[in-house]
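Structure first, commentary second.
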Amino acid sequence: MAQKSPAGATTLVLRLEIDKEQTSFGQIATAIGDRGGDIVAVDVTRAGKQTTTRDITVNMSDSSKSDELVASLGELPGVRVINVSDQTFLVHLGGKIEMTAKTPIKTRDDLSKVYTPGVARICMAIHDKPSRAHTLTIKRNTVAVVSDGTAVLGLGNIGPLGAMPVMEGKAMLFKQFAGVDAFPICLDTQDTEEIIRTVKAIAPAFGGINLEDISSPRCFEIERRLSEELDIPVFHDDQHGTAVVLLAGILNAVKLVGKKLEDCKIVLTGIGAAGIACTKMLLAAGATNIVGVDREGALVAGREYAHDAWNWYAANTNPNREEGMLSDVIEGADIFIGVSAPGILKVEDVKKMAKDSIVFAMANPTPEITPEEAEGYVRVMATGRSDYPNQINNVLCFPGLFRGLLDCRASGINEEMKLAAARAIASVVSEDELNEMYIIPSVFNTVVAEKVRDAVIDAAYATGLARRRDFRDKPQS
């Protein structure tokens with residue numbers, strides 16, 4: 001069963017027919033305010049002697065109360081609700097993306113070049129030298145955003161149709177932030193082998209694969225196999241995008257508080273896809289003391305756990321073999337990282353942490369502890385939410401990352417590229433700008449994608465995964 005959708009903000013346009021003798025506008029405004037609505041505009045569309053029709057634009061901070069609001073207005077004497085438009089739904093009408101032609105077809109000559117007979121020459125050129133597909137087709141600049149809809153953020157297993165709006169949104173972000181064309185591919189199967197076969201079958205059309213919202217632990221096997229069996233980069237953003245942006249924030253946070261990553265005790269809750277990827281990134285960056293906590297408490301080497309990922313985790317973390325639940329192992333921790341569940345970190349736990357503690361509470365939409373609760377006990381606080389400072393958002397990573405991968409025609413992606421991307425994101429925040437409320441750049445910072453792109457390209461050439469001759473500072477072909 002799908003989980004209930006988390007509440008979010010939306011804007012409603014309410015068209016009301018109002019009998020002026022029965023209900024005043026003040027009564028309507030009160031009813032809207034009582035349901036958490038904020039009137040931002042009122043337009044009169046028709047006025048008569050007894051009735052008036054108005055379009056009232058209302059911001060709702062909690063969209064789950066929209067139906068209650070409409071119902072309460074309909075119960076007012078002399079008020080008829082004619083129409084309700086939800087601006088969020090309107091944005092999605094017909095989908096959020098489209099395909100457009102780069103070259104207009106106006107004449108018979110145009111047609112002969114883009115299609116038959118002229119296209120045959122291009123087909124045979126690629127047939128004779130397959131690498132030409134990178135320059136003569138959309139493969140050069142196109143990524144597949146692939147999901148089975150089993151782990152949609154905050155919603156769970158809602159299936160491929162339910163996941164489509166998320167994947168369309170991802171495609172929009174690719175295009176806006178890095179000029180990468182992306183297309184949503186939502187698969188009507190949850191079988192690991194079938195997903196692998198399907199992605200391999202469609203891969204010739206794409207320069208990269210972005211896996212999204214596939215449940216753990218299946219996502220590990222799917223990514224591993226596709227990375228091994230395809231000659232284009234495969235990136236599971238829920239794992240590695242989160243890990244890259246997390247590391248960028250951590251690097252700046254420890255710099256701010258005057259600590260070294262290798263000296264910090266780190267406690268991480270939520271040993272799923274994101275938690276394991278974050279841990280691997282932190283280890284690669286130099287962390288030495290990470291304690292992972294899940295439902296069974298701290299993972300300790302030597303015990304046998306439910307799946308191989310937990311066994312790997314236990315064997316590579318918790319060097320002091322600390323045992324117990326979160327409240328036990330949080331003692332003396334310099335850094336807390338949450339990719340788990342709402343409200344599991346208590347104020348009493350935070351008080352046990354080391355001086356100048358750092359808390360990254362990234363559960364969405366409700367973090368492990370809110371900034372309001374942690375205020376006064378934590379030096380640096382980050383969440384996954386846009387309405388708090390220091391948002392850990394994957395959009396800081398994946399557009400620039402894939403821009404770099406596509407530009408150098410990388411055959412894959414490795415840890416060096418991800419570390420380079422994290423350091424590039426962190427570098428956007430200058431020494432003068434760095435403070436407790438600004439350890440990570442805004443998602444709208446236009447410098448981020450370019451810096452990530454350049455860093456990824458450097459790492460690709462340094463590690464031998466770039467297949468295009470170094471094109472920088474030279475005319476591009």
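Just so we're on the same page: first chain in the structure tokens is A, next is B, and so on; residues restart at 1 for each chain, and ligands are numbered from 1 in the order they show up.
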Can you pull out the residues contacting Ala374 of chain A? Cut-off 10 Å, using only C-alpha atoms, and skip same-chain residues under 6 positions away; I want them as a list in words.
Leu345, Lys346, Val347, Glu348, Val350, Lys351, Val359, Val380 and Met381 of chain A
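The gap separating atom CA of Leu405 of chain A from atom CA of His134 of chain A is 12.2 Å, in Å to one decimal.
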Interatomic distance (Å, one decimal) between atom CA of Lys352 of chain A and atom CA of Met325 of chain A
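Here the two named atoms are 13.7 Å from each other.
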Counting only C-alpha atoms, what is within 7 Å of Ile271 of chain A, bar same-chain residues fewer than 2 positions away, as a list in words?
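Listed by chain and then number, they are Thr269, Ala273, Gly275, Ile276, Gly292, Val293 and Asp294 of chain A.
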Dump as CSV the rows for residues of segment 130-189 of chain A within 12 Å of segment 213-217 of chain A: closest atom pair and distance in Å with one decimal, only C-alpha atoms counted, ordered by chain and rising residue number.
residue,atom,partner,partner_atom,distance
A:Val145,CA,A:Asp213,CA,10.0
A:Val146,CA,A:Asp213,CA,8.5
A:Ser147,CA,A:Asp213,CA,5.8
A:Asp148,CA,A:Ile214,CA,6.0
A:Gly149,CA,A:Asp213,CA,6.0
A:Thr150,CA,A:Ile214,CA,5.3
A:Ala151,CA,A:Asp213,CA,4.6
A:Val152,CA,A:Asp213,CA,4.9
A:Leu153,CA,A:Asp213,CA,7.0
A:Gly154,CA,A:Asp213,CA,10.4
A:Leu155,CA,A:Asp213,CA,10.1
A:Gly156,CA,A:Ser215,CA,8.5
A:Asn157,CA,A:Ser215,CA,8.2
A:Ile158,CA,A:Asp213,CA,10.3
A:Gly159,CA,A:Asp213,CA,10.2
A:Pro160,CA,A:Asp213,CA,10.2
A:Gly162,CA,A:Asp213,CA,11.5
A:Ala163,CA,A:Asp213,CA,8.4
A:Met164,CA,A:Asp213,CA,11.0
A:Val166,CA,A:Asp213,CA,9.3
A:Met167,CA,A:Asp213,CA,9.2
A:Lys170,CA,A:Asp213,CA,11.4
A:Ile185,CA,A:Asp213,CA,11.9
A:Cys186,CA,A:Asp213,CA,10.3
A:Leu187,CA,A:Ile214,CA,10.6
A:Thr189,CA,A:Ile214,CA,11.0
Store the residues of this selection in a file with C-alpha atoms, as a compact mmCIF listing (two decimals), in the first residue's frame.
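Result written to part08.txt:
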# COMPACT_ATOMS: atom_id res chain seq x y z
CA VAL A 145 16.17 8.66 -15.79
CA VAL A 146 15.15 5.11 -14.88
CA SER A 147 12.85 4.06 -12.04
CA ASP A 148 10.49 1.28 -11.06
CA GLY A 149 8.68 3.50 -8.57
CA THR A 150 9.44 1.32 -5.55
CA ALA A 151 11.12 3.93 -3.33
CA VAL A 152 9.80 7.36 -4.28
CA LEU A 153 10.95 9.92 -1.73
CA GLY A 154 8.39 10.25 1.06
CA LEU A 155 5.86 8.08 -0.81
CA GLY A 156 7.36 4.59 -0.96
CA ASN A 157 6.27 1.98 -3.49
CA ILE A 158 3.79 3.87 -5.68
CA GLY A 159 4.67 2.13 -8.94
CA PRO A 160 5.85 3.40 -12.33
CA GLY A 162 2.92 7.32 -9.81
CA ALA A 163 6.66 7.89 -10.15
CA MET A 164 6.43 9.62 -13.55
CA VAL A 166 9.11 12.86 -10.14
CA MET A 167 11.14 11.58 -13.09
CA LYS A 170 14.31 15.31 -12.64
CA ILE A 185 11.83 5.77 -18.23
CA CYS A 186 9.45 4.21 -15.68
CA LEU A 187 9.47 0.42 -15.82
CA THR A 189 8.50 -4.43 -13.30
Hey, what does DSSP flag as strand (DSSP E) within segment 334-423 of chain A? Can you give it to me as a PyMOL selection string?
chain A and resi 335-338+358-361+380-383
Residues as selected, C-alpha atoms, written as a PDB file, in the first residue's frame, can you do that?
ATOM      1  CA  ILE A 335      28.937  14.519  13.666  1.00  0.00           C
ATOM      2  CA  PHE A 336      25.452  13.014  13.375  1.00  0.00           C
ATOM      3  CA  ILE A 337      24.140  12.041   9.938  1.00  0.00           C
ATOM      4  CA  GLY A 338      20.534  10.953   9.554  1.00  0.00           C
ATOM      5  CA  ILE A 358      27.476  18.974  13.561  1.00  0.00           C
ATOM      6  CA  VAL A 359      24.035  17.527  12.762  1.00  0.00           C
ATOM      7  CA  PHE A 360      22.888  16.573   9.272  1.00  0.00           C
ATOM      8  CA  ALA A 361      19.241  15.468   9.746  1.00  0.00           C
ATOM      9  CA  VAL A 380      26.091  23.454  12.490  1.00  0.00           C
ATOM     10  CA  MET A 381      22.735  22.080  11.334  1.00  0.00           C
ATOM     11  CA  ALA A 382      21.717  20.846   7.881  1.00  0.00           C
ATOM     12  CA  THR A 383      18.544  19.172   6.572  1.00  0.00           C
TER      13      THR A 383
END
Separation of atom CA of Glu415 of chain A from atom CA of Tyr305 of chain A in Å:
26.2 Å
Could you check the closest approach to Asn414 of chain A for each of A:Ala301, A:Glu375, A:Ala274, A:Glu228 and tell me which residue wins, using only C-alpha atoms?
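Ranking A:Ala301, A:Glu375, A:Ala274, A:Glu228 by distance to Asn414 of chain A, first place goes to A:Glu228.
Excluding Ser85 of chain A itself and any same-chain residue fewer than 4 positions from it, the protein and nucleic acid residues within 12 Å of it, counting only C-alpha atoms, are Thr10, Thr11, Leu12, Val13, Leu14, Arg15, Leu16, Asp55, Ile56, Thr57, Val58, Asn59, Ser66, Asp67, Val70, Val81, Phe89, Leu90, Val91 and Leu93 of chain A.
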Hey, can you spit out that residue selection with N, CA and C atoms as a JSON list (two decimals), in the first residue's frame?
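Final file, part.json:
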[["chain", "number", "residue", "atom", "x", "y", "z"],
["A", 10, "THR", "N", 0.96, 24.64, -1.54],
["A", 10, "THR", "CA", 0.37, 24.76, -2.86],
["A", 10, "THR", "C", -0.39, 26.06, -2.94],
["A", 11, "THR", "N", -0.79, 26.43, -4.13],
["A", 11, "THR", "CA", -1.59, 27.64, -4.34],
["A", 11, "THR", "C", -2.90, 27.26, -5.01],
["A", 12, "LEU", "N", -4.01, 27.70, -4.42],
["A", 12, "LEU", "CA", -5.33, 27.43, -4.96],
["A", 12, "LEU", "C", -5.93, 28.72, -5.53],
["A", 13, "VAL", "N", -6.67, 28.59, -6.62],
["A", 13, "VAL", "CA", -7.50, 29.69, -7.10],
["A", 13, "VAL", "C", -8.94, 29.24, -6.97],
["A", 14, "LEU", "N", -9.68, 29.89, -6.06],
["A", 14, "LEU", "CA", -11.06, 29.52, -5.74],
["A", 14, "LEU", "C", -12.01, 30.50, -6.43],
["A", 15, "ARG", "N", -12.87, 29.98, -7.30],
["A", 15, "ARG", "CA", -13.91, 30.84, -7.90],
["A", 15, "ARG", "C", -15.19, 30.64, -7.11],
["A", 16, "LEU", "N", -15.62, 31.70, -6.44],
["A", 16, "LEU", "CA", -16.79, 31.64, -5.56],
["A", 16, "LEU", "C", -17.87, 32.60, -6.04],
["A", 55, "ASP", "N", -12.53, 35.45, -7.95],
["A", 55, "ASP", "CA", -11.43, 34.49, -7.96],
["A", 55, "ASP", "C", -10.49, 34.86, -6.82],
["A", 56, "ILE", "N", -10.37, 33.97, -5.85],
["A", 56, "ILE", "CA", -9.54, 34.23, -4.68],
["A", 56, "ILE", "C", -8.32, 33.31, -4.74],
["A", 57, "THR", "N", -7.14, 33.90, -4.83],
["A", 57, "THR", "CA", -5.89, 33.12, -4.85],
["A", 57, "THR", "C", -5.39, 32.96, -3.42],
["A", 58, "VAL", "N", -5.20, 31.69, -3.03],
["A", 58, "VAL", "CA", -4.87, 31.37, -1.65],
["A", 58, "VAL", "C", -3.62, 30.50, -1.60],
["A", 59, "ASN", "N", -2.62, 30.92, -0.83],
["A", 59, "ASN", "CA", -1.46, 30.08, -0.55],
["A", 59, "ASN", "C", -1.79, 29.16, 0.62],
["A", 66, "SER", "N", -6.43, 21.42, 1.92],
["A", 66, "SER", "CA", -7.13, 22.08, 0.82],
["A", 66, "SER", "C", -8.59, 21.64, 0.73],
["A", 67, "ASP", "N", -8.82, 20.33, 0.84],
["A", 67, "ASP", "CA", -10.20, 19.82, 0.75],
["A", 67, "ASP", "C", -11.06, 20.35, 1.90],
["A", 70, "VAL", "N", -12.06, 23.97, 1.06],
["A", 70, "VAL", "CA", -13.12, 24.05, 0.06],
["A", 70, "VAL", "C", -14.47, 23.65, 0.67],
["A", 81, "VAL", "N", -19.22, 27.27, -4.43],
["A", 81, "VAL", "CA", -17.89, 27.05, -4.99],
["A", 81, "VAL", "C", -18.05, 26.61, -6.44],
["A", 89, "PHE", "N", -1.18, 21.23, -9.65],
["A", 89, "PHE", "CA", -1.73, 20.31, -10.64],
["A", 89, "PHE", "C", -1.67, 20.93, -12.03],
["A", 90, "LEU", "N", -1.95, 22.24, -12.11],
["A", 90, "LEU", "CA", -1.93, 22.90, -13.42],
["A", 90, "LEU", "C", -0.55, 22.82, -14.07],
["A", 91, "VAL", "N", 0.52, 22.92, -13.25],
["A", 91, "VAL", "CA", 1.88, 22.82, -13.79],
["A", 91, "VAL", "C", 2.12, 21.46, -14.43],
["A", 93, "LEU", "N", -0.24, 19.50, -15.95],
["A", 93, "LEU", "CA", -1.17, 19.11, -17.01],
["A", 93, "LEU", "C", -0.43, 18.80, -18.30]]
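Of the residues listed (A:Leu256, A:Cys397, A:Tyr388, A:Val329), A:Leu256 shows the shortest atom-to-atom separation from Asp432 of chain A; distances use only C-alpha atoms.
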For the interface of segment 314-415 of chain A with segment 435-438 of chain A (cut-off 7 Å, counting only C-alpha atoms), please tabulate each contacting residue of segment 314-415 of chain A alongside its nearest pair of atoms and their separation in Å to one decimal, rows sorted by chain and increasing number, as CSV.
residue,atom,partner,partner_atom,distance
A:Arg379,CA,A:Glu436,CA,6.9
A:Val380,CA,A:Glu436,CA,5.3
A:Pro389,CA,A:Met437,CA,5.6
A:Asn390,CA,A:Tyr438,CA,5.9
Take the residues just selected and output them with C-alpha atoms as an mmCIF file, in the first residue's frame.
data_model
loop_
_atom_site.group_PDB
_atom_site.id
_atom_site.type_symbol
_atom_site.label_atom_id
_atom_site.label_comp_id
_atom_site.auth_asym_id
_atom_site.auth_seq_id
_atom_site.Cartn_x
_atom_site.Cartn_y
_atom_site.Cartn_z
ATOM 1 C CA ARG A 379 26.989 24.374 16.078
ATOM 2 C CA VAL A 380 26.091 23.454 12.490
ATOM 3 C CA PRO A 389 19.389 26.842 5.851
ATOM 4 C CA ASN A 390 21.985 24.338 4.546
#
Could you check the closest approach to Pro367 of chain A for each of A:Pro184, A:Gly74, A:Gly272, A:Gly343 and tell me which residue wins, using only C-alpha atoms?
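Under the stated criterion, the closest residue is A:Gly343.
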Run DSSP on the backbone and tell me which residues of segment 21-103 of chain A come out as helix (DSSP H, G or I); list them as a ChimeraX atom specification.
/A:25-34,63-74,87-92
Could you save those same residues with N, CA and C atoms as an mmCIF file, in the first residue's frame?
data_model
loop_
_atom_site.group_PDB
_atom_site.id
_atom_site.type_symbol
_atom_site.label_atom_id
_atom_site.label_comp_id
_atom_site.auth_asym_id
_atom_site.auth_seq_id
_atom_site.Cartn_x
_atom_site.Cartn_y
_atom_site.Cartn_z
ATOM 1 N N PHE A 25 -17.482 39.245 2.701
ATOM 2 C CA PHE A 25 -16.148 38.769 2.337
ATOM 3 C C PHE A 25 -15.299 38.524 3.582
ATOM 4 N N GLY A 26 -15.546 39.296 4.638
ATOM 5 C CA GLY A 26 -14.820 39.090 5.891
ATOM 6 C C GLY A 26 -15.014 37.698 6.454
ATOM 7 N N GLN A 27 -16.247 37.158 6.350
ATOM 8 C CA GLN A 27 -16.509 35.795 6.820
ATOM 9 C C GLN A 27 -15.746 34.769 5.986
ATOM 10 N N ILE A 28 -15.666 35.021 4.680
ATOM 11 C CA ILE A 28 -14.925 34.115 3.794
ATOM 12 C C ILE A 28 -13.441 34.151 4.129
ATOM 13 N N ALA A 29 -12.917 35.356 4.338
ATOM 14 C CA ALA A 29 -11.494 35.493 4.670
ATOM 15 C C ALA A 29 -11.173 34.785 5.985
ATOM 16 N N THR A 30 -12.087 34.880 6.953
ATOM 17 C CA THR A 30 -11.880 34.208 8.238
ATOM 18 C C THR A 30 -11.846 32.694 8.059
ATOM 19 N N ALA A 31 -12.779 32.166 7.250
ATOM 20 C CA ALA A 31 -12.823 30.719 7.005
ATOM 21 C C ALA A 31 -11.539 30.236 6.344
ATOM 22 N N ILE A 32 -11.011 31.041 5.432
ATOM 23 C CA ILE A 32 -9.761 30.671 4.760
ATOM 24 C C ILE A 32 -8.603 30.688 5.749
ATOM 25 N N GLY A 33 -8.529 31.718 6.575
ATOM 26 C CA GLY A 33 -7.465 31.802 7.573
ATOM 27 C C GLY A 33 -7.515 30.685 8.585
ATOM 28 N N ASP A 34 -8.727 30.275 8.968
ATOM 29 C CA ASP A 34 -8.875 29.195 9.949
ATOM 30 C C ASP A 34 -8.346 27.863 9.429
ATOM 31 N N SER A 63 -0.920 21.479 2.005
ATOM 32 C CA SER A 63 -1.860 21.139 0.934
ATOM 33 C C SER A 63 -2.892 20.103 1.362
ATOM 34 N N SER A 64 -2.609 19.349 2.430
ATOM 35 C CA SER A 64 -3.560 18.324 2.875
ATOM 36 C C SER A 64 -4.840 18.939 3.428
ATOM 37 N N LYS A 65 -4.803 20.249 3.726
ATOM 38 C CA LYS A 65 -5.991 20.917 4.264
ATOM 39 C C LYS A 65 -6.822 21.603 3.181
ATOM 40 N N SER A 66 -6.428 21.420 1.922
ATOM 41 C CA SER A 66 -7.135 22.084 0.824
ATOM 42 C C SER A 66 -8.588 21.641 0.733
ATOM 43 N N ASP A 67 -8.824 20.328 0.842
ATOM 44 C CA ASP A 67 -10.196 19.822 0.750
ATOM 45 C C ASP A 67 -11.058 20.346 1.896
ATOM 46 N N GLU A 68 -10.445 20.435 3.090
ATOM 47 C CA GLU A 68 -11.177 20.971 4.243
ATOM 48 C C GLU A 68 -11.578 22.416 3.985
ATOM 49 N N LEU A 69 -10.669 23.176 3.404
ATOM 50 C CA LEU A 69 -10.946 24.582 3.118
ATOM 51 C C LEU A 69 -12.110 24.720 2.151
ATOM 52 N N VAL A 70 -12.065 23.969 1.059
ATOM 53 C CA VAL A 70 -13.125 24.047 0.055
ATOM 54 C C VAL A 70 -14.468 23.649 0.665
ATOM 55 N N ALA A 71 -14.448 22.583 1.475
ATOM 56 C CA ALA A 71 -15.687 22.123 2.107
ATOM 57 C C ALA A 71 -16.254 23.188 3.048
ATOM 58 N N SER A 72 -15.390 23.825 3.824
ATOM 59 C CA SER A 72 -15.862 24.826 4.788
ATOM 60 C C SER A 72 -16.444 26.049 4.083
ATOM 61 N N LEU A 73 -15.861 26.428 2.933
ATOM 62 C CA LEU A 73 -16.403 27.554 2.179
ATOM 63 C C LEU A 73 -17.770 27.213 1.594
ATOM 64 N N GLY A 74 -17.919 25.975 1.148
ATOM 65 C CA GLY A 74 -19.191 25.541 0.591
ATOM 66 C C GLY A 74 -20.318 25.487 1.610
ATOM 67 N N GLN A 87 -2.678 25.154 -8.436
ATOM 68 C CA GLN A 87 -1.589 25.560 -9.319
ATOM 69 C C GLN A 87 -0.551 24.461 -9.515
ATOM 70 N N THR A 88 -0.346 23.638 -8.490
ATOM 71 C CA THR A 88 0.615 22.542 -8.634
ATOM 72 C C THR A 88 0.125 21.538 -9.668
ATOM 73 N N PHE A 89 -1.181 21.226 -9.646
ATOM 74 C CA PHE A 89 -1.730 20.310 -10.643
ATOM 75 C C PHE A 89 -1.670 20.929 -12.032
ATOM 76 N N LEU A 90 -1.947 22.240 -12.109
ATOM 77 C CA LEU A 90 -1.926 22.896 -13.415
ATOM 78 C C LEU A 90 -0.554 22.818 -14.067
ATOM 79 N N VAL A 91 0.517 22.918 -13.254
ATOM 80 C CA VAL A 91 1.880 22.820 -13.786
ATOM 81 C C VAL A 91 2.122 21.461 -14.433
ATOM 82 N N HIS A 92 1.417 20.428 -13.941
ATOM 83 C CA HIS A 92 1.647 19.072 -14.422
ATOM 84 C C HIS A 92 0.720 18.656 -15.568
#
For Pro77 of chain A: contacts at 9 Å, only C-alpha atoms, fewer than 5 positions along chain excluded, given as a list in words
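My reading of the contact set: Ile18, Asp19, Gln22 and Thr23 of chain A.
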Which residues of segment 148-238 of chain A come within 12 Å of segment 96-117 of chain A, and for each one, what is the closest pair of atoms and their distance in Å to one decimal, counting only C-alpha atoms, sorted by chain and residue number, as a tab-separated table?
residue	atom	partner	partner_atom	distance
A:Met164	CA	A:Lys96	CA	10.2
A:Pro165	CA	A:Lys96	CA	7.9
A:Val166	CA	A:Lys96	CA	10.1
A:Met167	CA	A:Lys96	CA	10.0
A:Glu168	CA	A:Lys96	CA	6.3
A:Gly169	CA	A:Lys96	CA	7.1
A:Lys170	CA	A:Lys96	CA	10.2
A:Ala171	CA	A:Ile97	CA	7.7
A:Met172	CA	A:Ile97	CA	6.9
A:Leu173	CA	A:Ile97	CA	10.7
A:Phe174	CA	A:Ile97	CA	11.4
A:Lys175	CA	A:Ile97	CA	10.0
A:Gln176	CA	A:Ile97	CA	11.5
A:Asp181	CA	A:Met99	CA	9.5
A:Ala182	CA	A:Ile97	CA	9.6
A:Phe183	CA	A:Ile97	CA	8.7
A:Pro184	CA	A:Ile97	CA	9.7
Store the residues picked out above in a file with N, CA and C atoms, as an mmCIF file, in the first residue's frame.
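selection32.cif was written with the following content:
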data_model
loop_
_atom_site.group_PDB
_atom_site.id
_atom_site.type_symbol
_atom_site.label_atom_id
_atom_site.label_comp_id
_atom_site.auth_asym_id
_atom_site.auth_seq_id
_atom_site.Cartn_x
_atom_site.Cartn_y
_atom_site.Cartn_z
ATOM 1 N N MET A 164 6.140 8.818 -12.348
ATOM 2 C CA MET A 164 6.431 9.619 -13.546
ATOM 3 C C MET A 164 6.612 11.111 -13.266
ATOM 4 N N PRO A 165 5.739 11.765 -12.463
ATOM 5 C CA PRO A 165 5.948 13.201 -12.237
ATOM 6 C C PRO A 165 7.296 13.532 -11.610
ATOM 7 N N VAL A 166 7.797 12.636 -10.754
ATOM 8 C CA VAL A 166 9.108 12.857 -10.143
ATOM 9 C C VAL A 166 10.198 12.769 -11.207
ATOM 10 N N MET A 167 10.113 11.760 -12.070
ATOM 11 C CA MET A 167 11.141 11.582 -13.090
ATOM 12 C C MET A 167 11.092 12.708 -14.132
ATOM 13 N N GLU A 168 9.892 13.197 -14.440
ATOM 14 C CA GLU A 168 9.787 14.350 -15.329
ATOM 15 C C GLU A 168 10.470 15.568 -14.694
ATOM 16 N N GLY A 169 10.225 15.755 -13.398
ATOM 17 C CA GLY A 169 10.862 16.868 -12.693
ATOM 18 C C GLY A 169 12.368 16.759 -12.722
ATOM 19 N N LYS A 170 12.863 15.533 -12.579
ATOM 20 C CA LYS A 170 14.307 15.307 -12.635
ATOM 21 C C LYS A 170 14.851 15.712 -14.010
ATOM 22 N N ALA A 171 14.114 15.364 -15.057
ATOM 23 C CA ALA A 171 14.528 15.721 -16.411
ATOM 24 C C ALA A 171 14.584 17.238 -16.582
ATOM 25 N N MET A 172 13.622 17.946 -15.975
ATOM 26 C CA MET A 172 13.639 19.416 -16.035
ATOM 27 C C MET A 172 14.899 19.985 -15.376
ATOM 28 N N LEU A 173 15.263 19.426 -14.244
ATOM 29 C CA LEU A 173 16.443 19.911 -13.521
ATOM 30 C C LEU A 173 17.720 19.669 -14.325
ATOM 31 N N PHE A 174 17.818 18.502 -14.959
ATOM 32 C CA PHE A 174 18.965 18.219 -15.825
ATOM 33 C C PHE A 174 19.119 19.316 -16.881
ATOM 34 N N LYS A 175 18.000 19.652 -17.505
ATOM 35 C CA LYS A 175 18.042 20.617 -18.608
ATOM 36 C C LYS A 175 18.340 22.027 -18.103
ATOM 37 N N GLN A 176 17.644 22.455 -17.045
ATOM 38 C CA GLN A 176 17.801 23.834 -16.594
ATOM 39 C C GLN A 176 19.187 24.111 -16.028
ATOM 40 N N ASP A 181 19.853 16.860 -21.860
ATOM 41 C CA ASP A 181 18.535 16.325 -22.197
ATOM 42 C C ASP A 181 18.343 14.997 -21.460
ATOM 43 N N ALA A 182 17.238 14.891 -20.744
ATOM 44 C CA ALA A 182 16.967 13.659 -19.998
ATOM 45 C C ALA A 182 15.528 13.241 -20.245
ATOM 46 N N PHE A 183 15.300 11.938 -20.182
ATOM 47 C CA PHE A 183 13.950 11.434 -20.435
ATOM 48 C C PHE A 183 13.571 10.400 -19.381
ATOM 49 N N PRO A 184 12.338 10.494 -18.844
ATOM 50 C CA PRO A 184 11.913 9.535 -17.820
ATOM 51 C C PRO A 184 11.568 8.180 -18.417
#
Measuring atom to atom with only C-alpha atoms, identify which of A:Gly95, A:Pro204, A:Gly302, A:Gly324 is nearest to Ile126 of chain A.
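Nearest to Ile126 of chain A: A:Pro204.
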Please build the interface table for segment 327-419 of chain A against segment 456-459 of chain A with a cut-off of 9 Å, listing for each qualifying residue the nearest atom pair and the distance in Å to one decimal; count only C-alpha atoms, order rows by chain and increasing number, and write it as a tab-separated table.
residue	atom	partner	partner_atom	distance
A:Gly400	CA	A:Val456	CA	8.3
A:Leu401	CA	A:Val456	CA	6.3
A:Phe402	CA	A:Val456	CA	8.7
A:Arg403	CA	A:Val456	CA	8.8
A:Gly404	CA	A:Ile457	CA	5.3
A:Leu405	CA	A:Ile457	CA	6.7
A:Asp407	CA	A:Ile457	CA	7.8
A:Cys408	CA	A:Ile457	CA	6.3
A:Ala410	CA	A:Ile457	CA	8.5
A:Asn414	CA	A:Ala459	CA	8.9
A:Glu416	CA	A:Ala459	CA	6.1
A:Met417	CA	A:Val456	CA	5.1
A:Lys418	CA	A:Val456	CA	7.5
A:Leu419	CA	A:Val456	CA	8.9
Keeping only C-alpha atoms, write those residues as a compact mmCIF listing (two decimals), in the first residue's frame.
# COMPACT_ATOMS: atom_id res chain seq x y z
CA GLY A 400 27.04 19.07 -13.38
CA LEU A 401 28.22 15.51 -12.86
CA PHE A 402 26.47 14.21 -15.98
CA ARG A 403 27.45 17.34 -17.92
CA GLY A 404 31.07 16.42 -17.27
CA LEU A 405 30.56 12.71 -17.98
CA ASP A 407 31.37 16.11 -22.38
CA CYS A 408 34.38 13.81 -21.99
CA ALA A 410 33.24 8.81 -19.94
CA ASN A 414 34.38 6.06 -10.17
CA GLU A 416 37.61 9.78 -7.74
CA MET A 417 34.98 11.57 -9.84
CA LYS A 418 32.51 11.63 -6.95
CA LEU A 419 35.13 12.96 -4.53
